[in-house]
Amino acid sequence: MALTGRAALLAALGSIPVGIWDPGWTGLLAVNGPLAVACACDFALAAPVRRLGLTRSGDTSVRLGEAADVTLTVTNPSGRPLRAHLRDAWPPSSWLPGTEVEASRHRLTVPAGERRRVTTRLRPTRRGDRQADRVTVRSYGPLGLFSRQGTHKIPWTVRVLPPFTSRKHLPSKLARLRELDGRTSIVTRGEGTEFDSLREYVPGDDTRSIDWRATARHSTVAVRTWRPERDRHILVVLDTGRTSAGRVGDAPRLDASMDAALLLAALASRAGDRVDLLAYDRRVRALVQGRTASDVLPSLVNAMATLEPELIETDARGLTATALRTAPRRSLIVLLTSLDAAPVEEGLLPVLSQLTQRHTVLLASVADPYVSRMANSRGTTDAVYEAAAAAQAQSERHRTAEQLRRHGVTVVDATPDDLAPALADAYLALKTAGRL
């Protein structure tokens, strides 16, 4: 319970004439006595807050950057109308900075025996689970002099999913996939691809594709058409160790890696391949296996939602052993990790042969665009030193990539905006060449 500002204002205004005409206890009692009686009556007429019934409904998941609406239903079982201010508390990252007060506070009036709904709109700024804290209700009497206050715990969780901003590249990559699959006027033949069908020869076809046995049985020249292999296994491995926590722009490297993994999964599932996910640093943080083509993308998004970088060094041996157990047969292993020299040379390179002997390995890494801008800066002494440092960092990065390529690894090194389409292009190139 608490006095309101209106009661304090009335007490202050009543004290002015008392101080002028009749200072003393008698004057104070003459003013504050009726005010105290009015406050007591106001308190008695305010609806009780402990007996209120509160339930939640609404969104349980939302993509990062979008809005989620959570509805709170307030039921007033008492015989007095509820005039209340309500605060629906959530973690600070549930709203854009500066909008929390306006979004979380509501005024409502609930007649006796009825119910009303209020909607809290969340705009989360981070991935993961956002759990409702508590609901605080302040009930006022008809005079607005006194209030009752109480809190209720109404559990609710909103899962904030990765935004999948690279979705815009999917149509162009699917068009390229249709070309490789022979569903357009362009038919591509790559080494190791699967035989599809026979068709009549047209000028311009590769003469090496002529099927002489089929031609001998028919009156026309027949050529073979080919399509990329289907039903191949792809294991996407997310490194969630300390290097994934480095921020590039406004987000950690892990977020850019997840976005690239989602585009690759969407493309590969449309191509008829099976996609699994492994997130690892020193232990398994997420594992998605055996999903159908229609279910793989929602499963990956849901598994990635709660992933956060761990400030520990990734155990490369443990990662390799877990990847080999997860992919017992020949697969394409897509490793999303750092190209920093020390983690690669000391951790990954000594165990890389275990992966490359059995699998095709594709390593993708997030490059910092600020380093490129530093390398091009000139004009001042500080800028020249920055350019020299950036050039040295780029040289070490290129040397590390060359070491990986000598071990048979395909390397993709791109900025956060370009990583997802570059990884998709690398996948399509491997598929075209029949190397999956």
# chains A, B, ... in the order shown; residues from 1 in each chain; ligands from 1
>>> residues_around(residues="Trp95 (chain A)", least_positions_apart="2", cutoff="6 Å", atoms="only C-alpha atoms", output="JSON, numbers by chain")
{"A": [93, 100, 122, 123, 124]}
>>> select_by_dssp(residues="region 310-430 of chain A", states="strand (DSSP E or B)", output="PyMOL selection string")
chain A and resi 332-336+360-366+410-414
>>> closest_residue(among="A:Gln357, A:Ala389, A:Ala214, A:Leu324", to="Asn376 (chain A)", atoms="only C-alpha atoms")
A:Ala389
>>> residues_around(residues="region 264-272 of chain A", least_positions_apart="2", cutoff="6 Å", atoms="only C-alpha atoms", output="PyMOL selection string")
chain A and resi 230-231+261-262+293+424
>>> closest_residue(among="A:Val237, A:Val70, A:Leu297, A:Leu428", to="Thr337 (chain A)", atoms="only C-alpha atoms")
A:Val237
>>> atom_distance(atom1="CA of Ile210 (chain A)", atom2="CA of Leu174 (chain A)")
28.3 Å
>>> atom_distance(atom1="CA of Val118 (chain A)", atom2="CA of Leu45 (chain A)")
23.2 Å
>>> closest_residue(among="A:Gly434, A:Arg217, A:Leu339, A:Asp273", to="Glu402 (chain A)", atoms="only C-alpha atoms")
A:Leu339
>>> closest_residue(among="A:Pro203, A:Pro298, A:Gly318, A:Pro252", to="Arg283 (chain A)", atoms="only C-alpha atoms")
A:Gly318
>>> closest_residue(among="A:Ala44, A:Leu307, A:Ala367, A:Val101", to="Leu145 (chain A)", atoms="only C-alpha atoms")
A:Ala44
>>> select_by_dssp(residues="region 158-402 of chain A", states="helix (DSSP H, G or I)", output="PyMOL selection string")
chain A and resi 165-180+207-209+212-217+242-245+253-270+293-304+316-326+341-356+369-375+381-402
>>> atom_distance(atom1="CA of Pro416 (chain A)", atom2="CA of Val301 (chain A)")
18.2 Å
>>> residues_around(residues="region 328-335 of chain A", least_positions_apart="4", cutoff="8 Å", atoms="only C-alpha atoms", output="PyMOL selection string")
chain A and resi 232-239+324+358-364+436
>>> write_last_selection(atoms="all heavy atoms", output="compact mmCIF listing (two decimals), in the first residue's frame")
# COMPACT_ATOMS: atom_id res chain seq x y z
N ARG A 232 23.61 -36.60 -50.46
CA ARG A 232 24.92 -36.55 -49.81
C ARG A 232 24.74 -36.00 -48.39
O ARG A 232 23.78 -35.30 -48.09
CB ARG A 232 25.89 -35.68 -50.61
CG ARG A 232 26.23 -36.24 -51.98
CD ARG A 232 26.83 -37.64 -51.86
NE ARG A 232 27.35 -38.14 -53.11
CZ ARG A 232 26.71 -38.96 -53.92
NH1 ARG A 232 25.48 -39.35 -53.62
NH2 ARG A 232 27.26 -39.38 -55.04
N HIS A 233 25.70 -36.32 -47.53
CA HIS A 233 25.63 -35.89 -46.13
C HIS A 233 26.52 -34.68 -45.91
O HIS A 233 27.69 -34.69 -46.32
CB HIS A 233 26.06 -37.03 -45.20
CG HIS A 233 25.99 -36.66 -43.75
ND1 HIS A 233 27.02 -36.86 -42.87
CD2 HIS A 233 25.00 -36.07 -43.04
CE1 HIS A 233 26.67 -36.43 -41.67
NE2 HIS A 233 25.45 -35.94 -41.74
N ILE A 234 25.96 -33.66 -45.30
CA ILE A 234 26.71 -32.44 -44.98
C ILE A 234 26.65 -32.21 -43.48
O ILE A 234 25.55 -32.17 -42.90
CB ILE A 234 26.13 -31.22 -45.72
CG1 ILE A 234 26.20 -31.44 -47.23
CG2 ILE A 234 26.88 -29.94 -45.34
CD1 ILE A 234 25.49 -30.39 -48.03
N LEU A 235 27.79 -32.08 -42.85
CA LEU A 235 27.88 -31.79 -41.42
C LEU A 235 28.43 -30.38 -41.24
O LEU A 235 29.57 -30.11 -41.61
CB LEU A 235 28.78 -32.80 -40.70
CG LEU A 235 29.01 -32.55 -39.21
CD1 LEU A 235 27.70 -32.61 -38.44
CD2 LEU A 235 30.02 -33.53 -38.64
N VAL A 236 27.60 -29.51 -40.71
CA VAL A 236 28.01 -28.14 -40.43
C VAL A 236 28.51 -28.08 -38.99
O VAL A 236 27.77 -28.41 -38.06
CB VAL A 236 26.84 -27.16 -40.63
CG1 VAL A 236 27.28 -25.74 -40.31
CG2 VAL A 236 26.31 -27.24 -42.06
N VAL A 237 29.77 -27.70 -38.81
CA VAL A 237 30.39 -27.65 -37.49
C VAL A 237 30.63 -26.19 -37.12
O VAL A 237 31.40 -25.49 -37.79
CB VAL A 237 31.72 -28.44 -37.47
CG1 VAL A 237 32.32 -28.39 -36.07
CG2 VAL A 237 31.51 -29.87 -37.91
N LEU A 238 29.97 -25.75 -36.07
CA LEU A 238 30.14 -24.39 -35.56
C LEU A 238 31.13 -24.40 -34.40
O LEU A 238 30.92 -25.09 -33.40
CB LEU A 238 28.81 -23.81 -35.08
CG LEU A 238 27.82 -23.31 -36.11
CD1 LEU A 238 26.51 -22.91 -35.43
CD2 LEU A 238 28.37 -22.14 -36.89
N ASP A 239 32.20 -23.64 -34.54
CA ASP A 239 33.17 -23.48 -33.46
C ASP A 239 32.64 -22.38 -32.54
O ASP A 239 32.56 -21.21 -32.93
CB ASP A 239 34.53 -23.09 -34.05
CG ASP A 239 35.59 -22.88 -32.97
OD1 ASP A 239 35.27 -23.04 -31.77
OD2 ASP A 239 36.73 -22.55 -33.34
N LEU A 324 33.89 -36.93 -36.42
CA LEU A 324 34.04 -38.25 -37.04
C LEU A 324 32.96 -39.21 -36.54
O LEU A 324 32.47 -40.06 -37.30
CB LEU A 324 35.42 -38.82 -36.75
CG LEU A 324 36.59 -38.11 -37.46
CD1 LEU A 324 37.92 -38.66 -36.97
CD2 LEU A 324 36.47 -38.26 -38.98
N ARG A 358 39.03 -39.03 -44.79
CA ARG A 358 37.74 -39.68 -44.95
C ARG A 358 36.68 -38.77 -45.57
O ARG A 358 35.74 -39.24 -46.20
CB ARG A 358 37.24 -40.18 -43.59
CG ARG A 358 36.01 -41.06 -43.67
CD ARG A 358 35.49 -41.41 -42.30
NE ARG A 358 36.50 -42.08 -41.47
CZ ARG A 358 36.29 -42.45 -40.22
NH1 ARG A 358 35.11 -42.21 -39.64
NH2 ARG A 358 37.25 -43.04 -39.53
N HIS A 359 36.83 -37.44 -45.38
CA HIS A 359 35.78 -36.51 -45.77
C HIS A 359 36.34 -35.38 -46.64
O HIS A 359 37.55 -35.14 -46.68
CB HIS A 359 35.13 -35.89 -44.53
CG HIS A 359 34.58 -36.90 -43.57
ND1 HIS A 359 33.46 -37.66 -43.82
CD2 HIS A 359 35.02 -37.28 -42.34
CE1 HIS A 359 33.22 -38.46 -42.80
NE2 HIS A 359 34.16 -38.25 -41.87
N THR A 360 35.42 -34.70 -47.30
CA THR A 360 35.74 -33.44 -47.96
C THR A 360 35.53 -32.33 -46.93
O THR A 360 34.47 -32.25 -46.30
CB THR A 360 34.83 -33.20 -49.18
OG1 THR A 360 35.01 -34.27 -50.10
CG2 THR A 360 35.18 -31.89 -49.86
N VAL A 361 36.52 -31.47 -46.76
CA VAL A 361 36.49 -30.45 -45.72
C VAL A 361 36.44 -29.07 -46.37
O VAL A 361 37.24 -28.75 -47.25
CB VAL A 361 37.70 -30.55 -44.78
CG1 VAL A 361 37.63 -29.47 -43.69
CG2 VAL A 361 37.75 -31.94 -44.14
N LEU A 362 35.49 -28.27 -45.91
CA LEU A 362 35.34 -26.88 -46.34
C LEU A 362 35.39 -26.00 -45.10
O LEU A 362 34.57 -26.18 -44.19
CB LEU A 362 34.01 -26.70 -47.09
CG LEU A 362 33.55 -25.28 -47.42
CD1 LEU A 362 34.57 -24.57 -48.28
CD2 LEU A 362 32.19 -25.31 -48.11
N LEU A 363 36.35 -25.10 -45.04
CA LEU A 363 36.49 -24.22 -43.88
C LEU A 363 36.08 -22.81 -44.27
O LEU A 363 36.56 -22.26 -45.28
CB LEU A 363 37.93 -24.23 -43.36
CG LEU A 363 38.20 -23.46 -42.06
CD1 LEU A 363 39.25 -24.18 -41.22
CD2 LEU A 363 38.65 -22.03 -42.32
N ALA A 364 35.19 -22.21 -43.49
CA ALA A 364 34.71 -20.85 -43.73
C ALA A 364 35.01 -20.00 -42.52
O ALA A 364 34.80 -20.43 -41.38
CB ALA A 364 33.21 -20.84 -44.03
N LEU A 436 31.43 -34.01 -53.58
CA LEU A 436 30.75 -34.18 -52.30
C LEU A 436 30.78 -35.65 -51.87
O LEU A 436 30.72 -36.54 -52.69
CB LEU A 436 29.29 -33.70 -52.41
CG LEU A 436 29.11 -32.21 -52.69
CD1 LEU A 436 27.65 -31.86 -52.60
CD2 LEU A 436 29.91 -31.37 -51.72
>>> decode(residues="region 41-56 of chain A", atoms="all heavy atoms", output="tab-separated table (two decimals), in the first residue's frame")
chain	number	residue	atom	x	y	z
A	41	CYS	N	-10.97	5.29	3.32
A	41	CYS	CA	-12.10	4.86	2.49
A	41	CYS	C	-11.63	4.49	1.08
A	41	CYS	O	-12.11	3.51	0.49
A	41	CYS	CB	-13.14	5.98	2.43
A	41	CYS	SG	-13.95	6.32	4.02
A	42	ASP	N	-10.69	5.28	0.57
A	42	ASP	CA	-10.16	5.00	-0.77
A	42	ASP	C	-9.45	3.65	-0.81
A	42	ASP	O	-9.59	2.88	-1.76
A	42	ASP	CB	-9.22	6.12	-1.18
A	42	ASP	CG	-9.15	6.31	-2.68
A	42	ASP	OD1	-10.19	6.16	-3.35
A	42	ASP	OD2	-8.05	6.59	-3.20
A	43	PHE	N	-8.70	3.37	0.26
A	43	PHE	CA	-8.00	2.10	0.34
A	43	PHE	C	-8.99	0.93	0.41
A	43	PHE	O	-8.80	-0.11	-0.22
A	43	PHE	CB	-7.07	2.09	1.56
A	43	PHE	CG	-6.42	0.77	1.82
A	43	PHE	CD1	-5.33	0.36	1.06
A	43	PHE	CD2	-6.88	-0.07	2.82
A	43	PHE	CE1	-4.72	-0.87	1.29
A	43	PHE	CE2	-6.27	-1.29	3.06
A	43	PHE	CZ	-5.19	-1.70	2.29
A	44	ALA	N	-10.05	1.12	1.18
A	44	ALA	CA	-11.05	0.06	1.33
A	44	ALA	C	-11.78	-0.20	0.01
A	44	ALA	O	-12.19	-1.34	-0.26
A	44	ALA	CB	-12.05	0.43	2.42
A	45	LEU	N	-11.97	0.84	-0.80
A	45	LEU	CA	-12.70	0.67	-2.06
A	45	LEU	C	-11.81	0.23	-3.22
A	45	LEU	O	-12.32	-0.11	-4.29
A	45	LEU	CB	-13.38	1.99	-2.43
A	45	LEU	CG	-14.50	2.45	-1.48
A	45	LEU	CD1	-14.98	3.83	-1.87
A	45	LEU	CD2	-15.65	1.45	-1.51
A	46	ALA	N	-10.48	0.25	-3.03
A	46	ALA	CA	-9.58	-0.21	-4.09
A	46	ALA	C	-9.66	-1.74	-4.20
A	46	ALA	O	-9.70	-2.45	-3.20
A	46	ALA	CB	-8.14	0.21	-3.79
A	47	ALA	N	-9.67	-2.23	-5.41
A	47	ALA	CA	-9.77	-3.68	-5.63
A	47	ALA	C	-8.52	-4.36	-5.12
A	47	ALA	O	-7.39	-3.87	-5.34
A	47	ALA	CB	-9.98	-3.98	-7.11
A	48	PRO	N	-8.62	-5.50	-4.45
A	48	PRO	CA	-7.43	-6.21	-3.98
A	48	PRO	C	-6.64	-6.77	-5.16
A	48	PRO	O	-7.20	-7.20	-6.16
A	48	PRO	CB	-8.01	-7.33	-3.11
A	48	PRO	CG	-9.41	-7.53	-3.61
A	48	PRO	CD	-9.88	-6.20	-4.08
A	49	VAL	N	-5.30	-6.77	-5.02
A	49	VAL	CA	-4.43	-7.21	-6.11
A	49	VAL	C	-3.98	-8.66	-5.94
A	49	VAL	O	-3.61	-9.30	-6.92
A	49	VAL	CB	-3.21	-6.28	-6.24
A	49	VAL	CG1	-3.65	-4.88	-6.62
A	49	VAL	CG2	-2.40	-6.25	-4.95
A	50	ARG	N	-4.01	-9.16	-4.71
A	50	ARG	CA	-3.55	-10.54	-4.49
A	50	ARG	C	-4.48	-11.56	-5.12
A	50	ARG	O	-4.06	-12.65	-5.49
A	50	ARG	CB	-3.41	-10.81	-3.00
A	50	ARG	CG	-2.46	-9.88	-2.27
A	50	ARG	CD	-1.04	-10.11	-2.70
A	50	ARG	NE	-0.10	-9.25	-1.96
A	50	ARG	CZ	1.19	-9.20	-2.19
A	50	ARG	NH1	1.70	-9.95	-3.16
A	50	ARG	NH2	1.96	-8.39	-1.49
A	51	ARG	N	-5.76	-11.22	-5.22
A	51	ARG	CA	-6.75	-12.18	-5.70
A	51	ARG	C	-6.92	-12.10	-7.22
A	51	ARG	O	-7.72	-12.86	-7.78
A	51	ARG	CB	-8.09	-11.91	-5.01
A	51	ARG	CG	-8.06	-12.19	-3.51
A	51	ARG	CD	-9.31	-11.64	-2.84
A	51	ARG	NE	-10.52	-12.10	-3.53
A	51	ARG	CZ	-11.72	-11.56	-3.35
A	51	ARG	NH1	-11.87	-10.53	-2.52
A	51	ARG	NH2	-12.78	-12.04	-3.99
A	52	LEU	N	-6.21	-11.22	-7.87
A	52	LEU	CA	-6.37	-11.09	-9.32
A	52	LEU	C	-5.90	-12.38	-10.01
A	52	LEU	O	-4.93	-13.01	-9.59
A	52	LEU	CB	-5.56	-9.91	-9.84
A	52	LEU	CG	-6.00	-8.51	-9.40
A	52	LEU	CD1	-5.03	-7.46	-9.93
A	52	LEU	CD2	-7.41	-8.22	-9.88
A	53	GLY	N	-6.58	-12.74	-11.09
A	53	GLY	CA	-6.16	-13.86	-11.90
A	53	GLY	C	-5.44	-13.37	-13.15
A	53	GLY	O	-5.99	-12.56	-13.90
A	54	LEU	N	-4.22	-13.81	-13.35
A	54	LEU	CA	-3.43	-13.37	-14.50
A	54	LEU	C	-2.94	-14.58	-15.29
A	54	LEU	O	-2.41	-15.53	-14.71
A	54	LEU	CB	-2.22	-12.53	-14.05
A	54	LEU	CG	-2.52	-11.12	-13.52
A	54	LEU	CD1	-2.78	-11.14	-12.02
A	54	LEU	CD2	-1.37	-10.18	-13.82
A	55	THR	N	-3.13	-14.53	-16.58
A	55	THR	CA	-2.66	-15.58	-17.49
A	55	THR	C	-2.01	-14.92	-18.70
A	55	THR	O	-2.34	-13.78	-19.06
A	55	THR	CB	-3.80	-16.50	-17.94
A	55	THR	OG1	-4.82	-15.70	-18.58
A	55	THR	CG2	-4.40	-17.24	-16.76
A	56	ARG	N	-1.10	-15.66	-19.34
A	56	ARG	CA	-0.40	-15.13	-20.52
A	56	ARG	C	-0.77	-15.95	-21.76
A	56	ARG	O	-1.13	-17.12	-21.68
A	56	ARG	CB	1.12	-15.19	-20.31
A	56	ARG	CG	1.66	-14.24	-19.28
A	56	ARG	CD	3.18	-14.22	-19.36
A	56	ARG	NE	3.78	-13.42	-18.32
A	56	ARG	CZ	3.99	-12.11	-18.41
A	56	ARG	NH1	3.62	-11.47	-19.51
A	56	ARG	NH2	4.58	-11.45	-17.43
